[in-house]
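Content type PDB, C-alpha atoms, from the file structure_0.pdb:
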```pdb
ATOM      1  CA  MET Y 190      19.601 -10.238 -38.420
ATOM      2  CA  LYS Y 191      20.753  -9.957 -42.009
ATOM      3  CA  ARG Y 192      19.447 -12.315 -44.642
ATOM      4  CA  ALA Y 193      21.273 -13.191 -47.840
ATOM      5  CA  TYR Y 194      20.725 -16.022 -50.317
ATOM      6  CA  GLY Y 195      18.089 -17.504 -48.027
ATOM      7  CA  ILE Y 196      20.483 -17.623 -45.050
ATOM      8  CA  ASP Y 197      20.158 -15.763 -41.744
ATOM      9  CA  ILE Y 198      23.414 -14.053 -40.776
ATOM     10  CA  PRO Y 199      23.547 -12.932 -37.127
ATOM     11  CA  GLU Y 200      25.054  -9.495 -36.542
ATOM     12  CA  THR Y 201      24.707  -9.173 -32.785
ATOM     13  CA  LEU Y 202      25.480 -11.334 -29.767
ATOM     14  CA  ALA Y 203      21.765 -11.625 -29.020
ATOM     15  CA  GLU Y 204      21.069 -12.975 -32.497
ATOM     16  CA  ALA Y 205      23.980 -15.436 -32.460
ATOM     17  CA  ALA Y 206      23.275 -16.651 -28.922
ATOM     18  CA  HIS Y 207      19.522 -17.169 -29.216
ATOM     19  CA  PRO Y 208      18.495 -20.353 -27.361
ATOM     20  CA  ASN Y 209      17.008 -21.816 -30.545
ATOM     21  CA  SER Y 210      20.280 -21.618 -32.453
ATOM     22  CA  THR Y 211      23.052 -22.057 -29.900
ATOM     23  CA  ALA Y 212      24.394 -24.573 -27.368
ATOM     24  CA  LEU Y 213      26.548 -24.250 -24.278
ATOM     25  CA  ILE Y 214      29.785 -26.229 -24.314
ATOM     26  CA  VAL Y 215      31.345 -26.667 -20.876
ATOM     27  CA  TYR Y 216      34.955 -27.584 -21.567
ATOM     28  CA  ASP Y 217      36.988 -29.927 -19.317
ATOM     29  CA  MET Y 218      35.695 -28.791 -15.933
ATOM     30  CA  GLN Y 219      37.221 -31.857 -14.323
ATOM     31  CA  VAL Y 220      38.341 -32.371 -10.755
ATOM     32  CA  GLY Y 221      41.927 -33.135 -11.759
ATOM     33  CA  ILE Y 222      42.201 -30.036 -13.943
ATOM     34  CA  LEU Y 223      40.516 -27.558 -11.607
ATOM     35  CA  ARG Y 224      42.771 -28.514  -8.710
ATOM     36  CA  GLN Y 225      45.798 -27.549 -10.823
ATOM     37  CA  LEU Y 226      44.520 -23.971 -11.131
ATOM     38  CA  GLY Y 227      45.019 -21.389  -8.442
ATOM     39  CA  HIS Y 228      41.726 -19.761  -9.446
ATOM     40  CA  GLY Y 229      39.749 -22.947 -10.127
ATOM     41  CA  ASP Y 230      37.028 -21.996  -7.629
ATOM     42  CA  VAL Y 231      36.486 -18.640  -9.354
ATOM     43  CA  VAL Y 232      36.170 -20.253 -12.791
ATOM     44  CA  LEU Y 233      33.788 -22.874 -11.413
ATOM     45  CA  ALA Y 234      31.557 -20.184  -9.897
ATOM     46  CA  ARG Y 235      31.360 -18.292 -13.212
ATOM     47  CA  VAL Y 236      30.652 -21.474 -15.167
ATOM     48  CA  LEU Y 237      27.889 -22.439 -12.725
ATOM     49  CA  GLU Y 238      26.245 -19.026 -13.183
ATOM     50  CA  LEU Y 239      26.360 -19.390 -16.960
ATOM     51  CA  LEU Y 240      25.109 -22.964 -16.772
ATOM     52  CA  ALA Y 241      22.141 -21.917 -14.639
ATOM     53  CA  ALA Y 242      21.224 -19.196 -17.135
ATOM     54  CA  ALA Y 243      21.497 -21.635 -20.053
ATOM     55  CA  ARG Y 244      19.302 -24.216 -18.346
ATOM     56  CA  ALA Y 245      16.678 -21.623 -17.462
ATOM     57  CA  ALA Y 246      16.519 -20.522 -21.112
ATOM     58  CA  GLY Y 247      16.370 -24.053 -22.493
ATOM     59  CA  VAL Y 248      19.801 -23.890 -24.148
ATOM     60  CA  ARG Y 249      21.183 -27.332 -25.019
ATOM     61  CA  VAL Y 250      24.234 -28.237 -22.914
ATOM     62  CA  PHE Y 251      27.239 -30.407 -23.780
ATOM     63  CA  PHE Y 252      30.085 -31.235 -21.393
ATOM     64  CA  MET Y 253      33.541 -32.148 -22.665
ATOM     65  CA  ARG Y 254      35.878 -34.362 -20.667
ATOM     66  CA  HIS Y 255      39.567 -35.022 -21.331
ATOM     67  CA  MET Y 256      40.540 -38.681 -21.159
ATOM     68  CA  SER Y 257      44.001 -40.229 -20.981
ATOM     69  CA  LEU Y 258      44.741 -43.544 -22.609
ATOM     70  CA  PRO Y 259      46.698 -46.252 -20.797
ATOM     71  CA  LYS Y 260      50.410 -45.839 -21.476
ATOM     72  CA  ARG Y 261      50.558 -48.873 -23.773
ATOM     73  CA  LEU Y 262      47.919 -47.297 -26.029
ATOM     74  CA  SER Y 263      49.151 -43.717 -25.844
ATOM     75  CA  GLY Y 264      51.390 -43.659 -28.910
ATOM     76  CA  ALA Y 265      54.264 -41.374 -29.876
ATOM     77  CA  PHE Y 266      52.508 -38.031 -29.589
ATOM     78  CA  GLN Y 267      50.604 -38.776 -26.376
ATOM     79  CA  LEU Y 268      53.730 -40.131 -24.673
ATOM     80  CA  ARG Y 269      55.835 -37.199 -25.839
ATOM     81  CA  GLN Y 270      53.215 -34.756 -24.596
ATOM     82  CA  MET Y 271      53.254 -36.423 -21.186
ATOM     83  CA  THR Y 272      57.033 -36.098 -20.971
ATOM     84  CA  VAL Y 273      56.844 -32.388 -21.825
ATOM     85  CA  TRP Y 274      53.996 -31.562 -19.430
ATOM     86  CA  GLN Y 275      55.146 -33.757 -16.551
ATOM     87  CA  LYS Y 276      58.881 -33.107 -17.097
ATOM     88  CA  LYS Y 277      59.661 -36.805 -16.683
ATOM     89  CA  SER Y 278      60.998 -39.619 -18.815
ATOM     90  CA  VAL Y 279      58.712 -41.914 -20.793
ATOM     91  CA  GLU Y 280      59.290 -44.593 -18.178
ATOM     92  CA  ASP Y 281      58.217 -42.307 -15.322
ATOM     93  CA  VAL Y 282      55.198 -40.456 -16.760
ATOM     94  CA  HIS Y 283      51.709 -41.373 -15.639
ATOM     95  CA  PRO Y 284      48.427 -40.702 -17.488
ATOM     96  CA  TRP Y 285      46.594 -38.099 -15.415
ATOM     97  CA  PHE Y 286      43.053 -38.651 -16.655
ATOM     98  CA  LEU Y 287      42.431 -42.356 -16.929
ATOM     99  CA  ARG Y 288      38.715 -43.116 -17.148
ATOM    100  CA  ASP Y 289      38.318 -44.491 -13.606
ATOM    101  CA  SER Y 290      40.631 -42.015 -11.862
ATOM    102  CA  ASP Y 291      39.403 -39.355  -9.423
ATOM    103  CA  GLY Y 292      40.781 -36.554 -11.580
ATOM    104  CA  PHE Y 293      38.785 -37.662 -14.628
ATOM    105  CA  ALA Y 294      35.405 -36.856 -13.074
ATOM    106  CA  LEU Y 295      33.593 -33.606 -13.787
ATOM    107  CA  ALA Y 296      33.230 -31.226 -10.846
ATOM    108  CA  PRO Y 297      30.202 -32.554  -8.930
ATOM    109  CA  GLU Y 298      28.753 -29.033  -8.616
ATOM    110  CA  LEU Y 299      27.950 -29.142 -12.354
ATOM    111  CA  ASP Y 300      25.254 -31.730 -11.601
ATOM    112  CA  VAL Y 301      24.921 -32.991 -15.173
ATOM    113  CA  ARG Y 302      21.280 -33.605 -16.068
ATOM    114  CA  ALA Y 303      19.671 -36.479 -17.906
ATOM    115  CA  ASP Y 304      18.951 -34.297 -20.951
ATOM    116  CA  GLU Y 305      22.583 -33.138 -21.232
ATOM    117  CA  ALA Y 306      25.499 -34.966 -22.852
ATOM    118  CA  ILE Y 307      29.096 -35.727 -21.851
ATOM    119  CA  PHE Y 308      31.611 -36.341 -24.653
ATOM    120  CA  ASP Y 309      35.055 -37.770 -23.890
ATOM    121  CA  LYS Y 310      38.090 -36.895 -25.999
ATOM    122  CA  ILE Y 311      41.848 -37.424 -26.158
ATOM    123  CA  THR Y 312      42.368 -34.266 -28.212
ATOM    124  CA  MET Y 313      42.400 -30.543 -27.465
ATOM    125  CA  SER Y 314      39.680 -29.514 -29.917
ATOM    126  CA  ALA Y 315      36.236 -30.539 -28.688
ATOM    127  CA  PHE Y 316      35.331 -31.488 -32.262
ATOM    128  CA  GLU Y 317      38.168 -33.872 -33.097
ATOM    129  CA  GLY Y 318      37.145 -37.494 -32.594
ATOM    130  CA  THR Y 319      33.852 -36.671 -30.859
ATOM    131  CA  PRO Y 320      30.193 -36.553 -32.012
ATOM    132  CA  LEU Y 321      29.891 -32.864 -31.039
ATOM    133  CA  GLY Y 322      29.707 -31.463 -34.559
ATOM    134  CA  ILE Y 323      27.154 -34.081 -35.622
ATOM    135  CA  ALA Y 324      25.011 -33.378 -32.564
ATOM    136  CA  LEU Y 325      25.030 -29.615 -33.091
ATOM    137  CA  ARG Y 326      24.114 -29.891 -36.749
ATOM    138  CA  ASP Y 327      21.412 -32.476 -36.110
ATOM    139  CA  CYS Y 328      19.782 -30.054 -33.655
ATOM    140  CA  GLY Y 329      19.936 -27.310 -36.286
ATOM    141  CA  LEU Y 330      22.341 -25.199 -34.217
ATOM    142  CA  THR Y 331      24.623 -22.704 -35.937
ATOM    143  CA  SER Y 332      26.597 -21.399 -32.975
ATOM    144  CA  PHE Y 333      27.802 -22.362 -29.521
ATOM    145  CA  VAL Y 334      28.938 -20.652 -26.342
ATOM    146  CA  ILE Y 335      32.087 -22.088 -24.790
ATOM    147  CA  CYS Y 336      33.361 -21.799 -21.220
ATOM    148  CA  GLY Y 337      35.653 -23.807 -18.942
ATOM    149  CA  VAL Y 338      39.356 -24.604 -18.885
ATOM    150  CA  ALA Y 339      41.869 -24.126 -20.224
ATOM    151  CA  THR Y 340      41.704 -21.128 -22.544
ATOM    152  CA  GLU Y 341      45.118 -21.604 -24.122
ATOM    153  CA  ILE Y 342      45.065 -25.421 -24.186
ATOM    154  CA  GLY Y 343      41.657 -26.484 -25.451
ATOM    155  CA  ILE Y 344      39.280 -23.567 -25.873
ATOM    156  CA  GLU Y 345      41.309 -21.767 -28.539
ATOM    157  CA  PRO Y 346      41.782 -24.944 -30.667
ATOM    158  CA  THR Y 347      38.047 -25.656 -30.365
ATOM    159  CA  VAL Y 348      37.192 -22.138 -31.560
ATOM    160  CA  ARG Y 349      39.593 -22.438 -34.497
ATOM    161  CA  GLN Y 350      38.202 -25.779 -35.668
ATOM    162  CA  ALA Y 351      34.617 -24.636 -35.142
ATOM    163  CA  ALA Y 352      35.168 -21.749 -37.551
ATOM    164  CA  ASP Y 353      36.529 -24.158 -40.168
ATOM    165  CA  LEU Y 354      33.443 -26.329 -39.669
ATOM    166  CA  GLY Y 355      31.098 -23.392 -40.222
ATOM    167  CA  PHE Y 356      29.922 -22.797 -36.653
ATOM    168  CA  ILE Y 357      29.919 -19.369 -34.983
ATOM    169  CA  PRO Y 358      31.913 -19.641 -31.726
ATOM    170  CA  ILE Y 359      30.938 -17.429 -28.791
ATOM    171  CA  VAL Y 360      33.551 -17.180 -26.039
ATOM    172  CA  ALA Y 361      32.385 -16.270 -22.522
ATOM    173  CA  SER Y 362      35.829 -14.962 -21.662
ATOM    174  CA  ASP Y 363      35.256 -14.373 -17.948
ATOM    175  CA  ALA Y 364      34.009 -17.965 -17.561
ATOM    176  CA  CYS Y 365      37.185 -19.382 -19.121
ATOM    177  CA  GLY Y 366      40.224 -20.181 -17.019
ATOM    178  CA  GLY Y 367      43.846 -20.429 -18.080
ATOM    179  CA  GLY Y 368      46.515 -22.734 -16.794
ATOM    180  CA  GLN Y 369      49.119 -20.054 -17.474
ATOM    181  CA  PRO Y 370      47.854 -16.450 -17.270
ATOM    182  CA  GLU Y 371      50.103 -14.938 -19.946
ATOM    183  CA  ALA Y 372      49.395 -17.771 -22.390
ATOM    184  CA  ALA Y 373      45.647 -17.480 -21.721
ATOM    185  CA  GLU Y 374      45.719 -13.735 -22.438
ATOM    186  CA  ARG Y 375      47.600 -14.360 -25.681
ATOM    187  CA  ALA Y 376      44.980 -16.918 -26.697
ATOM    188  CA  LEU Y 377      42.147 -14.463 -26.024
ATOM    189  CA  ALA Y 378      43.977 -11.717 -27.915
ATOM    190  CA  SER Y 379      44.537 -14.048 -30.857
ATOM    191  CA  MET Y 380      40.855 -15.001 -31.008
ATOM    192  CA  ARG Y 381      39.859 -11.321 -30.872
ATOM    193  CA  PHE Y 382      42.291 -10.525 -33.691
ATOM    194  CA  MET Y 383      41.035 -13.312 -35.945
ATOM    195  CA  GLY Y 384      37.434 -12.196 -35.524
ATOM    196  CA  ASP Y 385      35.916 -15.652 -36.054
ATOM    197  CA  ALA Y 386      34.559 -15.770 -32.512
ATOM    198  CA  ILE Y 387      32.202 -13.403 -30.743
ATOM    199  CA  MET Y 388      33.832 -12.427 -27.452
ATOM    200  CA  CYS Y 389      31.555 -11.564 -24.535
ATOM    201  CA  THR Y 390      30.997 -11.944 -20.806
ATOM    202  CA  SER Y 391      28.808 -14.363 -18.911
ATOM    203  CA  THR Y 392      26.764 -11.406 -17.628
ATOM    204  CA  GLU Y 393      25.913 -10.337 -21.182
ATOM    205  CA  LEU Y 394      24.884 -13.862 -22.093
ATOM    206  CA  ALA Y 395      22.795 -14.351 -18.971
ATOM    207  CA  LYS Y 396      20.815 -11.185 -19.763
ATOM    208  CA  ILE Y 397      20.236 -12.295 -23.368
ATOM    209  CA  TRP Y 398      19.033 -15.707 -22.228
ATOM    210  CA  ARG Y 399      16.801 -14.241 -19.532
ATOM    211  CA  ASP Y 400      15.204 -11.907 -22.068
ATOM    212  CA  ALA Y 401      14.744 -14.756 -24.553
ATOM    213  CA  ALA Y 402      13.165 -16.967 -21.891
TER     214      ALA Y 402
END
```
Is it possible to express this structure as structure tokens?
Amino acid sequence: MKRAYGIDIPETLAEAAHPNSTALIVYDMQVGILRQLGHGDVVLARVLELLAAARAAGVRVFFMRHMSLPKRLSGAFQLRQMTVWQKKSVEDVHPWFLRDSDGFALAPELDVRADEAIFDKITMSAFEGTPLGIALRDCGLTSFVICGVATEIGIEPTVRQAADLGFIPIVASDACGGGQPEAAERALASMRFMGDAIMCTSTELAKIWRDAA
């Protein structure tokens, strides 16, 4: 760990991902999203492994959940996005993730605990319009590990905004799933090129957390 001007600057994955300074963000692992992925079961298995390692090490855990607004409240952008993604007219689109719908729920295997938080959002970045940044700072955390789906839709925007907010993003790339494989690979390549995020595997993180515990 380097120290400059009274500030600790992590140089390694182990330093950045220490349980005292990081959190695990599980992004949009919802029933309605996972069933759209051909490899949803594989991503879920990897996320569950990482989640178990985080819990064993005492890492704070936050779950993100994408929420649709009713059509009347959706507005120009939300309605336009629905028409593009669903390939239907404004009259025929339907919000996929309304709060009480089956698809909105997190995968039951995640078994969210009483000392873990769920934040709902209508945006792609986990920080926009949610208390996530406030919660991380209030706990004195300087980094976070992110996993879940989808890499090219929400994880990359979250990493970008996190860097602007002064957090160190850590991407567990093998525990992230893409809706479109080529787009997901481009997103990972872009994050590697920018260098703001530390890219790693869930196996590397699990070892670091086991050693720290």
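One distance worth recording is that between CA of Ala352 (chain Y) and CA of Ser379 (chain Y), which is 13.9 Å.
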Between Y:Arg249, Y:Ala361, Y:Lys310, Y:Gly367, which has the minimum distance to Val236 (chain Y) (counting all atoms listed in the file)?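 Among the listed residues, the smallest separation from Val236 (chain Y) belongs to Y:Ala361.
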To test your reading of the syntax: which residues would the PyMOL selection byres ((chain Y and resi 332) around 8) return for the file shown? Reply as a PyMOL selection string. chain Y and resi 205-206+210-212+330-331+333-334+356-359
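Taken over the shown file, the PyMOL selection byres ((chain Y and resi 281) around 12) identifies Lys260, Leu268, Arg269, Met271, Thr272, Val273, Gln275, Lys276, Lys277, Ser278, Val279, Glu280, Val282, His283 and Pro284 of chain Y.
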Computed interatomic separation between CA of Ser257 (chain Y) and CA of Leu287 (chain Y) (Å): 4.8 Å
Determine the axis-aligned bounding box of all atoms of region 268-278 of chain Y present in the file, pad each side by 5 Å, and express its centre and edge lengths in Å to one decimal place as lines of an AutoDock Vina configuration file.
```
center_x = 57.1
center_y = -35.8
center_z = -21.2
size_x = 17.8
size_y = 18.6
size_z = 19.3
```
Provide the CA of Ala234 (chain Y) to CA of Phe382 (chain Y) distance in Å, to one decimal place.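 Separation between CA of Ala234 (chain Y) and CA of Phe382 (chain Y): 27.8 Å.
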Selected by the PyMOL selection byres ((chain Y and resi 293) around 9) in the shown coordinates: which residues, as an MDAnalysis selection string? chainID Y and resid 219:222 254:257 285:292 294:295
Name the closest residue to Asp353 (chain Y) among the candidates Y:Leu239, Y:Gly329, Y:Phe316, Y:Thr340; distances are taken between atoms, counting all atoms listed in the file.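 Nearest to Asp353 (chain Y): Y:Phe316.
Distances here use all atoms listed in the file; by that measure, the residue among Y:Leu321, Y:Pro208, Y:Val232, Y:Ile214 closest to Gly247 (chain Y) is Y:Pro208.
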Got a minute to add N, CA, C and O atoms to region 252-267 of chain Y and dump it as a tab-separated table (two decimals), in the coordinates of the input?
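The resulting file, selection31.tsv, is reproduced below:
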```tsv
chain	number	residue	atom	x	y	z
Y	252	PHE	N	28.88	-31.27	-22.22
Y	252	PHE	CA	30.08	-31.24	-21.39
Y	252	PHE	C	31.19	-32.01	-22.09
Y	252	PHE	O	30.96	-33.13	-22.58
Y	253	MET	N	32.38	-31.44	-22.13
Y	253	MET	CA	33.54	-32.15	-22.66
Y	253	MET	C	34.39	-32.64	-21.48
Y	253	MET	O	34.42	-32.02	-20.42
Y	254	ARG	N	35.07	-33.76	-21.73
Y	254	ARG	CA	35.88	-34.36	-20.67
Y	254	ARG	C	37.15	-34.93	-21.30
Y	254	ARG	O	37.07	-35.73	-22.24
Y	255	HIS	N	38.30	-34.52	-20.78
Y	255	HIS	CA	39.57	-35.02	-21.33
Y	255	HIS	C	39.90	-36.39	-20.73
Y	255	HIS	O	39.81	-36.57	-19.52
Y	256	MET	N	40.27	-37.31	-21.59
Y	256	MET	CA	40.54	-38.68	-21.16
Y	256	MET	C	41.94	-39.10	-21.58
Y	256	MET	O	42.33	-38.90	-22.74
Y	257	SER	N	42.70	-39.65	-20.65
Y	257	SER	CA	44.00	-40.23	-20.98
Y	257	SER	C	43.83	-41.68	-21.39
Y	257	SER	O	42.94	-42.38	-20.88
Y	258	LEU	N	44.68	-42.13	-22.28
Y	258	LEU	CA	44.74	-43.54	-22.61
Y	258	LEU	C	45.77	-44.23	-21.72
Y	258	LEU	O	46.72	-43.58	-21.25
Y	259	PRO	N	45.63	-45.53	-21.48
Y	259	PRO	CA	46.70	-46.25	-20.80
Y	259	PRO	C	48.01	-46.07	-21.55
Y	259	PRO	O	48.01	-45.89	-22.78
Y	260	LYS	N	49.12	-46.12	-20.84
Y	260	LYS	CA	50.41	-45.84	-21.48
Y	260	LYS	C	50.66	-46.70	-22.71
Y	260	LYS	O	51.17	-46.23	-23.73
Y	261	ARG	N	50.29	-47.97	-22.65
Y	261	ARG	CA	50.56	-48.87	-23.77
Y	261	ARG	C	49.81	-48.46	-25.04
Y	261	ARG	O	50.21	-48.81	-26.15
Y	262	LEU	N	48.71	-47.73	-24.88
Y	262	LEU	CA	47.92	-47.30	-26.03
Y	262	LEU	C	48.15	-45.84	-26.40
Y	262	LEU	O	47.55	-45.34	-27.35
Y	263	SER	N	49.04	-45.16	-25.68
Y	263	SER	CA	49.15	-43.72	-25.84
Y	263	SER	C	49.82	-43.30	-27.15
Y	263	SER	O	49.47	-42.26	-27.71
Y	264	GLY	N	50.77	-44.02	-27.64
Y	264	GLY	CA	51.39	-43.66	-28.91
Y	264	GLY	C	52.44	-42.58	-28.77
Y	264	GLY	O	52.65	-42.01	-27.70
Y	265	ALA	N	53.11	-42.28	-29.89
Y	265	ALA	CA	54.26	-41.37	-29.88
Y	265	ALA	C	53.90	-39.97	-29.40
Y	265	ALA	O	54.58	-39.39	-28.54
Y	266	PHE	N	52.84	-39.40	-29.98
Y	266	PHE	CA	52.51	-38.03	-29.59
Y	266	PHE	C	52.06	-37.95	-28.14
Y	266	PHE	O	52.50	-37.07	-27.39
Y	267	GLN	N	51.13	-38.84	-27.74
Y	267	GLN	CA	50.60	-38.78	-26.38
Y	267	GLN	C	51.72	-38.96	-25.35
Y	267	GLN	O	51.77	-38.25	-24.33
```
